[in-house]
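To be precise, the following lines are run-v4.cif, and they hold mmCIF, C-alpha atoms.
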data_query
#
loop_
_atom_site.label_atom_id
_atom_site.label_comp_id
_atom_site.auth_asym_id
_atom_site.auth_seq_id
_atom_site.Cartn_x
_atom_site.Cartn_y
_atom_site.Cartn_z
CA MET A 1 -10.77 52.85 -10.58
CA LYS A 2 -10.83 53.22 -6.83
CA THR A 3 -12.49 49.87 -6.57
CA LYS A 4 -9.86 48.29 -8.87
CA THR A 5 -7.03 49.70 -6.75
CA SER A 6 -8.52 48.38 -3.55
CA THR A 7 -9.01 45.01 -5.22
CA TYR A 8 -5.33 44.92 -6.24
CA LEU A 9 -4.31 46.01 -2.75
CA ALA A 10 -6.50 43.35 -1.23
CA ARG A 11 -4.95 40.72 -3.53
CA PHE A 12 -1.46 42.00 -2.71
CA PHE A 13 -2.10 41.72 1.01
CA ARG A 14 -3.71 38.34 0.65
CA LEU A 15 -0.71 37.07 -1.29
CA GLY A 16 1.60 38.73 1.21
CA PHE A 17 -0.12 36.99 4.10
CA LEU A 18 -0.03 33.69 2.25
CA ALA A 19 3.68 34.08 1.59
CA LEU A 20 4.29 35.02 5.21
CA ALA A 21 2.23 32.09 6.41
CA LEU A 22 4.14 29.70 4.14
CA ALA A 23 7.46 31.18 5.21
CA VAL A 24 6.57 30.52 8.84
CA VAL A 25 4.67 27.25 8.57
CA VAL A 26 6.70 25.28 6.02
CA PRO A 27 10.01 25.25 7.86
CA THR A 28 8.16 24.71 11.13
CA ALA A 29 6.24 21.82 9.61
CA ASP A 30 9.58 20.37 8.56
CA CYS A 31 10.91 20.61 12.13
CA VAL A 32 7.74 19.47 13.82
CA ALA A 33 8.20 15.80 13.25
CA GLN A 34 5.01 14.04 12.39
CA PRO A 35 4.60 10.87 14.42
CA VAL A 36 7.57 8.74 13.47
CA LEU A 37 7.53 4.98 13.41
CA LEU A 38 9.86 3.62 16.03
CA LEU A 39 11.26 0.31 14.88
CA ASP A 40 14.89 -0.28 15.57
CA PRO A 41 16.47 -2.08 12.59
CA ALA A 42 18.65 -3.96 15.06
CA PHE A 43 15.68 -6.18 15.89
CA GLN A 44 15.90 -9.35 13.80
CA ALA A 45 12.44 -10.50 12.60
CA PRO A 46 10.43 -8.21 14.92
CA GLN A 47 7.18 -9.83 16.03
CA ARG A 48 5.22 -6.59 16.43
CA PRO A 49 4.79 -3.57 14.18
CA GLY A 50 6.74 -0.44 15.07
CA VAL A 51 5.35 2.23 17.37
CA PRO A 52 4.03 5.54 15.99
CA PHE A 53 5.65 8.10 18.24
CA ASP A 54 4.81 11.79 18.50
CA HIS A 55 8.14 13.28 19.53
CA ASP A 56 6.84 16.82 19.95
CA ARG A 57 3.98 15.80 22.17
CA HIS A 58 6.49 14.19 24.51
CA ALA A 59 8.97 17.05 24.22
CA GLU A 60 6.30 19.54 25.30
CA ASP A 61 6.29 18.30 28.88
CA LEU A 62 9.42 16.27 29.34
CA ASP A 63 13.07 16.99 29.59
CA CYS A 64 15.05 15.53 26.63
CA THR A 65 17.42 13.69 28.93
CA LEU A 66 14.57 11.79 30.52
CA CYS A 67 14.81 9.53 27.46
CA HIS A 68 17.98 10.50 25.60
CA HIS A 69 21.03 9.42 27.46
CA SER A 70 24.67 8.58 27.25
CA TYR A 71 26.26 7.71 30.54
CA GLU A 72 29.82 8.43 31.58
CA ASN A 73 30.83 7.78 35.17
CA GLY A 74 27.18 7.65 36.17
CA GLN A 75 26.46 11.04 34.63
CA ASN A 76 24.16 11.58 31.68
CA ILE A 77 26.31 13.58 29.30
CA TRP A 78 23.88 13.47 26.37
CA GLU A 79 23.71 16.54 24.16
CA HIS A 80 21.60 17.30 21.11
CA ASP A 81 24.12 16.25 18.45
CA MET A 82 25.00 12.92 20.07
CA GLN A 83 24.18 9.44 18.78
CA THR A 84 20.76 8.59 20.11
CA ARG A 85 19.94 5.25 18.55
CA CYS A 86 19.26 2.81 21.41
CA SER A 87 20.93 -0.08 19.61
CA ALA A 88 24.21 1.82 19.63
CA CYS A 89 24.60 0.50 23.18
CA HIS A 90 21.73 -1.88 23.92
CA GLU A 91 22.02 -5.19 22.08
CA ALA A 92 18.99 -6.95 20.59
CA GLY A 93 20.32 -10.37 21.60
CA ASP A 94 20.90 -9.36 25.22
CA ARG A 95 18.15 -10.66 27.48
CA GLY A 96 19.53 -8.98 30.57
CA ARG A 97 18.45 -5.71 32.10
CA LEU A 98 20.11 -3.67 29.37
CA GLY A 99 18.84 -5.64 26.38
CA LEU A 100 17.41 -3.63 23.51
CA ARG A 101 13.80 -4.78 23.92
CA GLN A 102 13.86 -4.10 27.62
CA ALA A 103 15.57 -0.75 27.13
CA TRP A 104 12.84 0.38 24.72
CA HIS A 105 10.01 -0.91 26.88
CA GLY A 106 11.58 0.53 30.00
CA GLN A 107 11.79 3.98 28.42
CA CYS A 108 8.10 4.01 27.47
CA VAL A 109 6.21 1.73 29.84
CA GLY A 110 8.05 2.95 32.93
CA CYS A 111 6.51 6.41 32.49
CA HIS A 112 3.21 5.32 30.95
CA GLU A 113 2.35 3.17 33.94
CA GLN A 114 2.56 6.26 36.12
CA SER A 115 0.20 8.22 33.91
CA PRO A 116 -3.49 7.18 33.98
CA LYS A 117 -4.15 8.30 30.41
CA ALA A 118 -1.03 6.99 28.69
CA PRO A 119 -1.18 3.73 26.70
CA VAL A 120 0.01 0.66 28.60
CA THR A 121 -1.13 -2.40 26.64
CA CYS A 122 0.89 -3.97 23.82
CA GLY A 123 -1.77 -3.19 21.21
CA GLU A 124 -2.12 0.47 22.13
CA CYS A 125 1.43 1.16 20.94
CA HIS A 126 2.24 -1.70 18.55
CA VAL A 127 -0.76 -1.06 16.31
CA ARG A 128 -1.42 -3.68 13.66
CA GLY A 129 -1.44 -2.37 10.11
CA GLN A 130 1.42 0.02 10.75
CA GLU A 131 4.21 -0.31 8.25
CA ARG A 132 7.12 -2.38 9.46
CA GLN A 133 9.86 -0.17 8.03
CA PRO A 134 11.63 2.27 10.32
CA ARG A 135 11.51 5.97 9.51
CA MET B 1 -12.24 3.48 34.84
CA ILE B 2 -11.02 0.50 32.76
CA ARG B 3 -7.48 1.66 33.35
CA ALA B 4 -8.03 1.57 37.12
CA VAL B 5 -9.34 -2.01 36.84
CA TYR B 6 -6.38 -2.94 34.61
CA ASP B 7 -3.92 -1.44 37.09
CA PHE B 8 -5.54 -3.32 39.96
CA ALA B 9 -5.72 -6.59 38.00
CA THR B 10 -2.06 -6.41 36.97
CA GLY B 11 -0.97 -5.12 40.38
CA PRO B 12 -2.34 -6.12 43.79
CA MET B 13 -4.77 -8.68 42.42
CA LEU B 14 -1.93 -10.57 40.75
CA TRP B 15 -0.32 -11.23 44.11
CA PHE B 16 -3.64 -12.16 45.70
CA SER B 17 -4.62 -14.61 42.95
CA SER B 18 -1.19 -16.22 42.78
CA ALA B 19 -1.04 -16.66 46.56
CA PHE B 20 -4.62 -17.99 46.65
CA PHE B 21 -3.84 -20.39 43.80
CA LEU B 22 -0.64 -21.74 45.36
CA CYS B 23 -2.04 -21.97 48.91
CA GLY B 24 -5.24 -23.57 47.59
CA LEU B 25 -3.37 -26.24 45.67
CA ALA B 26 -1.04 -26.85 48.64
CA TYR B 27 -4.13 -27.27 50.84
CA ARG B 28 -5.61 -29.80 48.40
CA LEU B 29 -2.34 -31.77 48.34
CA VAL B 30 -2.12 -31.84 52.14
CA ARG B 31 -5.79 -32.82 52.36
CA TYR B 32 -5.22 -35.63 49.87
CA ARG B 33 -2.34 -36.90 51.99
CA VAL B 34 -4.37 -36.75 55.20
CA LEU B 35 -7.36 -38.54 53.67
CA MET B 36 -5.11 -41.18 52.14
CA SER B 37 -3.41 -41.83 55.47
CA LYS B 38 -6.81 -42.30 57.09
CA ALA B 39 -7.95 -44.66 54.35
CA ARG B 40 -4.81 -46.74 54.67
CA GLN B 41 -4.83 -46.95 58.48
CA GLY B 42 -3.84 -50.42 59.60
CA LEU B 43 -2.61 -51.42 56.16
CA PRO B 44 1.09 -52.13 55.54
CA ALA B 45 3.13 -49.30 54.06
CA ASP B 46 3.90 -50.76 50.65
CA PHE B 47 3.95 -47.76 48.34
CA ARG B 48 5.90 -48.58 45.18
CA PRO B 49 7.65 -45.46 43.92
CA GLY B 50 8.93 -47.13 40.74
CA TRP B 51 5.44 -48.09 39.61
CA ALA B 52 4.08 -44.70 40.66
CA LEU B 53 6.67 -42.84 38.61
CA ALA B 54 6.25 -45.13 35.61
CA SER B 55 2.51 -44.56 35.70
CA ILE B 56 2.93 -40.77 35.83
CA VAL B 57 5.29 -40.89 32.85
CA HIS B 58 2.95 -43.09 30.83
CA PHE B 59 0.07 -40.68 31.40
CA LEU B 60 2.13 -37.53 30.76
CA LEU B 61 2.91 -39.14 27.41
CA PRO B 62 0.15 -40.79 25.37
CA LEU B 63 1.42 -44.25 26.33
CA ASN B 64 -1.53 -45.71 28.19
CA ARG B 65 -4.71 -47.69 27.69
CA THR B 66 -6.90 -44.59 27.73
CA ALA B 67 -4.85 -43.08 24.90
CA ARG B 68 -5.42 -46.22 22.86
CA SER B 69 -9.12 -46.54 23.63
CA SER B 70 -9.92 -42.81 23.23
CA PRO B 71 -7.42 -41.42 20.74
CA TRP B 72 -9.47 -38.35 19.82
CA SER B 73 -9.98 -37.30 23.43
CA THR B 74 -6.29 -37.88 24.06
CA LEU B 75 -5.44 -35.73 21.06
CA ALA B 76 -7.76 -33.01 22.35
CA GLY B 77 -6.21 -33.31 25.80
CA PHE B 78 -2.73 -32.77 24.43
CA GLY B 79 -4.09 -30.16 21.99
CA LEU B 80 -5.30 -28.20 24.99
CA HIS B 81 -2.50 -28.69 27.50
CA ILE B 82 0.51 -28.18 25.23
CA PRO B 83 -0.71 -24.74 24.03
CA LEU B 84 -1.60 -23.74 27.60
CA LEU B 85 1.95 -24.43 28.74
CA VAL B 86 3.80 -23.26 25.64
CA VAL B 87 1.82 -20.05 25.06
CA GLY B 88 1.54 -19.34 28.78
CA LEU B 89 5.28 -19.55 29.28
CA PHE B 90 6.78 -18.55 25.93
CA PHE B 91 4.42 -16.06 24.25
CA SER B 92 6.32 -12.81 23.69
CA ALA B 93 3.79 -10.60 25.54
CA HIS B 94 3.94 -12.83 28.61
CA VAL B 95 7.73 -12.89 28.64
CA VAL B 96 7.92 -9.11 28.12
CA MET B 97 5.60 -8.62 31.09
CA VAL B 98 7.89 -10.65 33.36
CA GLU B 99 10.92 -8.97 31.79
CA GLN B 100 9.56 -5.53 32.63
CA ARG B 101 8.49 -6.48 36.14
CA PHE B 102 11.33 -8.65 37.35
CA GLY B 103 14.18 -8.25 34.86
CA LEU B 104 14.03 -11.99 34.07
CA SER B 105 13.83 -13.10 30.48
CA TRP B 106 13.91 -16.21 28.32
CA PRO B 107 13.40 -17.10 24.64
CA THR B 108 9.97 -16.63 23.08
CA ILE B 109 8.01 -18.43 20.37
CA PRO B 110 7.05 -16.53 17.19
CA ASP B 111 3.71 -14.74 17.64
CA ALA B 112 2.22 -16.71 14.72
CA TRP B 113 2.81 -19.95 16.64
CA ALA B 114 0.96 -18.51 19.62
CA ASP B 115 -2.02 -17.73 17.39
CA GLY B 116 -2.06 -21.24 15.93
CA LEU B 117 -1.64 -22.94 19.30
CA THR B 118 -4.44 -20.85 20.82
CA VAL B 119 -6.81 -21.85 18.01
CA LEU B 120 -5.79 -25.48 18.59
CA ALA B 121 -6.52 -25.14 22.32
CA LEU B 122 -9.94 -23.59 21.66
CA ALA B 123 -10.81 -26.32 19.14
CA SER B 124 -9.75 -28.95 21.68
CA LEU B 125 -11.93 -27.34 24.36
CA ALA B 126 -14.87 -27.34 21.93
CA PHE B 127 -14.27 -31.02 21.19
CA LEU B 128 -14.11 -31.93 24.89
CA ALA B 129 -17.28 -29.93 25.64
CA GLY B 130 -19.04 -31.49 22.65
CA LYS B 131 -18.05 -34.99 23.74
CA ARG B 132 -19.32 -34.32 27.27
CA LEU B 133 -22.65 -33.22 25.82
CA LEU B 134 -23.09 -35.86 23.12
CA HIS B 135 -21.21 -39.05 24.02
CA PRO B 136 -23.79 -41.64 25.17
CA SER B 137 -21.88 -42.85 28.20
CA LEU B 138 -20.47 -39.44 29.13
CA LYS B 139 -23.46 -37.14 28.88
CA GLY B 140 -25.18 -38.82 31.84
CA LEU B 141 -22.16 -38.00 34.00
CA THR B 142 -21.85 -34.41 32.80
CA GLU B 143 -22.90 -31.66 35.19
CA GLY B 144 -23.17 -27.96 34.52
CA LYS B 145 -19.96 -27.30 36.42
CA ASP B 146 -18.02 -29.58 34.05
CA LEU B 147 -18.99 -27.44 31.10
CA ALA B 148 -18.58 -24.23 33.11
CA VAL B 149 -14.98 -25.07 33.90
CA LEU B 150 -14.24 -25.71 30.21
CA GLY B 151 -15.88 -22.37 29.38
CA LEU B 152 -13.86 -20.64 32.07
CA VAL B 153 -10.61 -21.98 30.62
CA ALA B 154 -11.74 -20.81 27.17
CA LEU B 155 -12.23 -17.22 28.38
CA PRO B 156 -8.57 -16.19 28.81
CA LEU B 157 -7.77 -17.94 25.52
CA LEU B 158 -10.51 -16.10 23.62
CA THR B 159 -9.75 -12.71 25.16
CA GLY B 160 -6.00 -13.21 24.80
CA PHE B 161 -6.40 -14.12 21.14
CA ALA B 162 -8.70 -11.12 20.59
CA ALA B 163 -6.23 -8.80 22.36
CA HIS B 164 -3.39 -10.09 20.19
CA GLN B 165 -5.46 -9.66 17.01
CA GLN B 166 -6.37 -6.18 18.31
CA TRP B 167 -10.08 -6.85 18.08
CA GLY B 168 -12.05 -4.32 20.08
CA GLU B 169 -10.49 -1.82 22.44
CA SER B 170 -7.05 -3.00 23.44
CA LEU B 171 -7.21 -1.93 27.08
CA LEU B 172 -10.67 -3.46 27.60
CA MET B 173 -9.75 -6.75 25.92
CA LEU B 174 -6.50 -7.10 27.85
CA THR B 175 -8.27 -6.27 31.11
CA LEU B 176 -10.83 -9.01 30.38
CA HIS B 177 -7.97 -11.37 29.54
CA VAL B 178 -6.19 -10.70 32.83
CA LEU B 179 -9.41 -10.88 34.87
CA SER B 180 -10.45 -14.19 33.30
CA ALA B 181 -6.99 -15.60 33.98
CA HIS B 182 -7.41 -14.51 37.62
CA ALA B 183 -10.76 -16.31 37.70
CA VAL B 184 -9.07 -19.52 36.52
CA LEU B 185 -6.38 -19.19 39.20
CA ILE B 186 -8.92 -18.54 41.95
CA VAL B 187 -11.30 -21.39 41.16
CA ALA B 188 -8.53 -23.87 40.24
CA PRO B 189 -8.03 -25.29 43.76
CA PHE B 190 -11.74 -26.03 44.19
CA THR B 191 -12.81 -27.42 40.83
CA LYS B 192 -11.64 -30.20 38.53
CA LEU B 193 -8.81 -27.87 37.56
CA THR B 194 -7.18 -29.19 40.75
CA HIS B 195 -5.89 -31.97 38.52
CA MET B 196 -2.93 -29.73 37.73
CA ALA B 197 -1.63 -30.73 41.18
CA LEU B 198 -3.67 -33.79 42.17
CA PHE B 199 -3.03 -35.62 38.89
CA PHE B 200 0.47 -36.41 40.11
CA VAL B 201 -0.50 -37.81 43.49
CA SER B 202 -3.61 -39.68 42.38
CA ARG B 203 -1.80 -41.16 39.39
CA ALA B 204 1.08 -42.13 41.71
CA ALA B 205 -1.34 -43.88 44.09
CA THR B 206 -3.13 -45.65 41.25
CA GLY B 207 0.14 -46.65 39.58
CA SER B 208 1.48 -48.04 42.85
CA ASP B 209 -1.72 -50.05 43.48
CA PHE B 210 -1.82 -51.42 39.96
CA GLY B 211 1.85 -52.32 40.29
CA LYS B 212 1.16 -54.32 43.43
CA ARG B 213 -1.51 -56.24 41.61
CA GLU B 214 0.92 -56.70 38.74
CA VAL B 215 -1.63 -55.74 36.14
CA GLY B 216 0.55 -52.93 34.79
CA PRO B 217 -0.13 -49.29 35.47
CA TRP B 218 -0.82 -48.42 31.87
#

Any chance you could give the structure as structure tokens?
Amino acid sequence: MKTKTSTYLARFFRLGFLALALAVVVPTADCVAQPVLLLDPAFQAPQRPGVPFDHDRHAEDLDCTLCHHSYENGQNIWEHDMQTRCSACHEAGDRGRLGLRQAWHGQCVGCHEQSPKAPVTCGECHVRGQERQPR
Amino acid sequence: MIRAVYDFATGPMLWFSSAFFLCGLAYRLVRYRVLMSKARQGLPADFRPGWALASIVHFLLPLNRTARSSPWSTLAGFGLHIPLLVVGLFFSAHVVMVEQRFGLSWPTIPDAWADGLTVLALASLAFLAGKRLLHPSLKGLTEGKDLAVLGLVALPLLTGFAAHQQWGESLLMLTLHVLSAHAVLIVAPFTKLTHMALFFVSRAATGSDFGKREVGPW
């Protein structure tokens, strides 16, 4: 009898822990974005596959506004609920300094070139075999 | 380690190679001029610019006797040079590199075209090397350096193609691509690759001479 009770208790605690773990992990897993595929739909007939991007890995060390921005009078006024799609401002057809392709590359390569372990070649980010649909 | 080589090859070495390439070719052009002046000492100055220009045009297009007598070699010549120029200047990765560095940009060709043109260039190089080795009247004139220079030109094409196909490690392949392109730039002024500059002056001189003799420059 004593053994049965302890077995039930053990099961109860195990289930309790499992429930607790699920309660904590599932919503977190939902927030912790898995690497997303960056491929702006504004690009017409993109030549390279999109870039798998681990947002959390970047957010660990970097300030959000290093990438996210919306400028007003020279000030970055970006806040969390603001439109953050690059093509909202940068046009795919623009080949000037603020063109969409250059804006994307500038955001990534500019930093990566300063970091000896970050990817810098085309193929390290635009990996063949990645799906071409944005997520 | 590879990253350090890549950074050097795409940084300081780029300026060195470009400067060496341009100064080397300028030196060869000046030297050509000096030697030509010496050779023509005492002769009347009768250079014929019209004939010179016409000759250059007829050899930049396949409108000459050599094109008619050696159509396959001519085809291989164009099959090599057109991809070199078109892919070199209009391949997306090359344009993006300039775009990122200097803020300059221009239209690009589809990546699939770049693949096809690179294969065409490599096939043309193989044909030209094969002809040098096998053609009865050409093989006696062929030296090791003639084949070496064809091989050297093939290197950036092979590594560039491999990098684009993502064969092997991307950083390593791209580093090899950039280094082999540097090698081409550095040896260009002192090998038969000098023709990228000297073609114009030697063809001009030949065209002018043939014009004087009224045999037609092409």

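The interatomic distance for the pair atom CA of B:Trp51 and atom CA of B:Phe190 works out to 28.3 Å.
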
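Closest to chain B among A:His58, A:Leu38, A:Asp63, A:Ala45 is A:Ala45, based on only C-alpha atoms.
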
Which residue out of B:Ala26, B:Tyr32, B:Gln41, B:Pro49 has the minimum interatomic distance to B:Asp209 when only C-alpha atoms are used?
-> B:Pro49

Selected residue, from A:Val51, A:Ala59, A:Ala42, A:Ala88, that lies nearest to A:Gly129 when counting only C-alpha atoms = A:Val51

Just say which residues the PyMOL selection byres ((chain B) within 12 of (chain A)) picks in this file, as a ChimeraX atom specification.
-> /B:1-8,10-11,91-114,160-175,177-178

Write out, as a PDB file, in the frame of the given file, the residues just selected, with C-alpha atoms.
ATOM      1  CA  MET B   1     -12.240   3.480  34.840  1.00  0.00           C
ATOM      2  CA  ILE B   2     -11.020   0.500  32.760  1.00  0.00           C
ATOM      3  CA  ARG B   3      -7.480   1.660  33.350  1.00  0.00           C
ATOM      4  CA  ALA B   4      -8.030   1.570  37.120  1.00  0.00           C
ATOM      5  CA  VAL B   5      -9.340  -2.010  36.840  1.00  0.00           C
ATOM      6  CA  TYR B   6      -6.380  -2.940  34.610  1.00  0.00           C
ATOM      7  CA  ASP B   7      -3.920  -1.440  37.090  1.00  0.00           C
ATOM      8  CA  PHE B   8      -5.540  -3.320  39.960  1.00  0.00           C
ATOM      9  CA  THR B  10      -2.060  -6.410  36.970  1.00  0.00           C
ATOM     10  CA  GLY B  11      -0.970  -5.120  40.380  1.00  0.00           C
ATOM     11  CA  PHE B  91       4.420 -16.060  24.250  1.00  0.00           C
ATOM     12  CA  SER B  92       6.320 -12.810  23.690  1.00  0.00           C
ATOM     13  CA  ALA B  93       3.790 -10.600  25.540  1.00  0.00           C
ATOM     14  CA  HIS B  94       3.940 -12.830  28.610  1.00  0.00           C
ATOM     15  CA  VAL B  95       7.730 -12.890  28.640  1.00  0.00           C
ATOM     16  CA  VAL B  96       7.920  -9.110  28.120  1.00  0.00           C
ATOM     17  CA  MET B  97       5.600  -8.620  31.090  1.00  0.00           C
ATOM     18  CA  VAL B  98       7.890 -10.650  33.360  1.00  0.00           C
ATOM     19  CA  GLU B  99      10.920  -8.970  31.790  1.00  0.00           C
ATOM     20  CA  GLN B 100       9.560  -5.530  32.630  1.00  0.00           C
ATOM     21  CA  ARG B 101       8.490  -6.480  36.140  1.00  0.00           C
ATOM     22  CA  PHE B 102      11.330  -8.650  37.350  1.00  0.00           C
ATOM     23  CA  GLY B 103      14.180  -8.250  34.860  1.00  0.00           C
ATOM     24  CA  LEU B 104      14.030 -11.990  34.070  1.00  0.00           C
ATOM     25  CA  SER B 105      13.830 -13.100  30.480  1.00  0.00           C
ATOM     26  CA  TRP B 106      13.910 -16.210  28.320  1.00  0.00           C
ATOM     27  CA  PRO B 107      13.400 -17.100  24.640  1.00  0.00           C
ATOM     28  CA  THR B 108       9.970 -16.630  23.080  1.00  0.00           C
ATOM     29  CA  ILE B 109       8.010 -18.430  20.370  1.00  0.00           C
ATOM     30  CA  PRO B 110       7.050 -16.530  17.190  1.00  0.00           C
ATOM     31  CA  ASP B 111       3.710 -14.740  17.640  1.00  0.00           C
ATOM     32  CA  ALA B 112       2.220 -16.710  14.720  1.00  0.00           C
ATOM     33  CA  TRP B 113       2.810 -19.950  16.640  1.00  0.00           C
ATOM     34  CA  ALA B 114       0.960 -18.510  19.620  1.00  0.00           C
ATOM     35  CA  GLY B 160      -6.000 -13.210  24.800  1.00  0.00           C
ATOM     36  CA  PHE B 161      -6.400 -14.120  21.140  1.00  0.00           C
ATOM     37  CA  ALA B 162      -8.700 -11.120  20.590  1.00  0.00           C
ATOM     38  CA  ALA B 163      -6.230  -8.800  22.360  1.00  0.00           C
ATOM     39  CA  HIS B 164      -3.390 -10.090  20.190  1.00  0.00           C
ATOM     40  CA  GLN B 165      -5.460  -9.660  17.010  1.00  0.00           C
ATOM     41  CA  GLN B 166      -6.370  -6.180  18.310  1.00  0.00           C
ATOM     42  CA  TRP B 167     -10.080  -6.850  18.080  1.00  0.00           C
ATOM     43  CA  GLY B 168     -12.050  -4.320  20.080  1.00  0.00           C
ATOM     44  CA  GLU B 169     -10.490  -1.820  22.440  1.00  0.00           C
ATOM     45  CA  SER B 170      -7.050  -3.000  23.440  1.00  0.00           C
ATOM     46  CA  LEU B 171      -7.210  -1.930  27.080  1.00  0.00           C
ATOM     47  CA  LEU B 172     -10.670  -3.460  27.600  1.00  0.00           C
ATOM     48  CA  MET B 173      -9.750  -6.750  25.920  1.00  0.00           C
ATOM     49  CA  LEU B 174      -6.500  -7.100  27.850  1.00  0.00           C
ATOM     50  CA  THR B 175      -8.270  -6.270  31.110  1.00  0.00           C
ATOM     51  CA  HIS B 177      -7.970 -11.370  29.540  1.00  0.00           C
ATOM     52  CA  VAL B 178      -6.190 -10.700  32.830  1.00  0.00           C
TER      53      VAL B 178
END

Which value, in Å to one decimal, gives the distance between atom CA of B:Leu80 and atom CA of B:Leu29?
->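 That distance, rounded to one decimal, is 23.8 Å.
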
Give me the result of the PyMOL selection byres ((chain A and resi 35) around 6) on this file, residue by residue, as a tab-separated table (two decimals) with C-alpha atoms, in the coordinates of the input.
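Saved the output as selection07.tsv:
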chain	number	residue	atom	x	y	z
A	34	GLN	CA	5.01	14.04	12.39
A	36	VAL	CA	7.57	8.74	13.47
A	52	PRO	CA	4.03	5.54	15.99
A	53	PHE	CA	5.65	8.10	18.24
A	54	ASP	CA	4.81	11.79	18.50

Non-local contacts of stretch 192-198 of chain B (10 Å; all atoms listed in the file; under 3 positions in same chain excluded) as a list in words = Phe21, Leu22, Gly24, Leu25, Ala26, Arg28, Leu29, Tyr32, Lys145, Asp146, Val149, Leu150, Val153, Val184, Leu185, Val187, Ala188, Pro189, Val201, Ser202, Arg203 and Ala204 of chain B

Would you mind completing stretch 103-117 of chain B to N, CA and C atoms and writing the output as a PDB file, in the coordinates of the input?
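Generated output (result_19.pdb):
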ATOM      1  N   GLY B 103      12.854  -8.256  35.487  1.00  0.00           N
ATOM      2  CA  GLY B 103      14.180  -8.250  34.860  1.00  0.00           C
ATOM      3  C   GLY B 103      14.622  -9.638  34.427  1.00  0.00           C
ATOM      4  N   LEU B 104      13.708 -10.634  34.527  1.00  0.00           N
ATOM      5  CA  LEU B 104      14.030 -11.990  34.070  1.00  0.00           C
ATOM      6  C   LEU B 104      13.535 -12.158  32.651  1.00  0.00           C
ATOM      7  N   SER B 105      14.280 -12.912  31.850  1.00  0.00           N
ATOM      8  CA  SER B 105      13.830 -13.100  30.480  1.00  0.00           C
ATOM      9  C   SER B 105      14.258 -14.461  29.957  1.00  0.00           C
ATOM     10  N   TRP B 106      13.546 -14.945  28.961  1.00  0.00           N
ATOM     11  CA  TRP B 106      13.910 -16.210  28.320  1.00  0.00           C
ATOM     12  C   TRP B 106      13.394 -16.178  26.878  1.00  0.00           C
ATOM     13  N   PRO B 107      13.806 -17.143  26.057  1.00  0.00           N
ATOM     14  CA  PRO B 107      13.400 -17.100  24.640  1.00  0.00           C
ATOM     15  C   PRO B 107      11.886 -17.181  24.469  1.00  0.00           C
ATOM     16  N   THR B 108      11.417 -16.642  23.353  1.00  0.00           N
ATOM     17  CA  THR B 108       9.970 -16.630  23.080  1.00  0.00           C
ATOM     18  C   THR B 108       9.689 -17.389  21.786  1.00  0.00           C
ATOM     19  N   ILE B 109       8.419 -17.801  21.631  1.00  0.00           N
ATOM     20  CA  ILE B 109       8.010 -18.430  20.370  1.00  0.00           C
ATOM     21  C   ILE B 109       7.555 -17.311  19.423  1.00  0.00           C
ATOM     22  N   PRO B 110       7.597 -17.544  18.105  1.00  0.00           N
ATOM     23  CA  PRO B 110       7.050 -16.530  17.190  1.00  0.00           C
ATOM     24  C   PRO B 110       5.567 -16.301  17.483  1.00  0.00           C
ATOM     25  N   ASP B 111       5.110 -15.069  17.327  1.00  0.00           N
ATOM     26  CA  ASP B 111       3.710 -14.740  17.640  1.00  0.00           C
ATOM     27  C   ASP B 111       2.725 -15.571  16.815  1.00  0.00           C
ATOM     28  N   ALA B 112       3.121 -15.915  15.573  1.00  0.00           N
ATOM     29  CA  ALA B 112       2.220 -16.710  14.720  1.00  0.00           C
ATOM     30  C   ALA B 112       1.977 -18.091  15.323  1.00  0.00           C
ATOM     31  N   TRP B 113       2.990 -18.653  15.976  1.00  0.00           N
ATOM     32  CA  TRP B 113       2.810 -19.950  16.640  1.00  0.00           C
ATOM     33  C   TRP B 113       1.784 -19.812  17.756  1.00  0.00           C
ATOM     34  N   ALA B 114       1.889 -18.720  18.495  1.00  0.00           N
ATOM     35  CA  ALA B 114       0.960 -18.510  19.620  1.00  0.00           C
ATOM     36  C   ALA B 114      -0.470 -18.453  19.111  1.00  0.00           C
ATOM     37  N   ASP B 115      -0.676 -17.785  17.983  1.00  0.00           N
ATOM     38  CA  ASP B 115      -2.020 -17.730  17.390  1.00  0.00           C
ATOM     39  C   ASP B 115      -2.512 -19.131  17.052  1.00  0.00           C
ATOM     40  N   GLY B 116      -1.673 -19.900  16.358  1.00  0.00           N
ATOM     41  CA  GLY B 116      -2.060 -21.240  15.930  1.00  0.00           C
ATOM     42  C   GLY B 116      -2.337 -22.154  17.122  1.00  0.00           C
ATOM     43  N   LEU B 117      -1.464 -22.086  18.127  1.00  0.00           N
ATOM     44  CA  LEU B 117      -1.640 -22.940  19.300  1.00  0.00           C
ATOM     45  C   LEU B 117      -2.904 -22.571  20.077  1.00  0.00           C
TER      46      LEU B 117
END
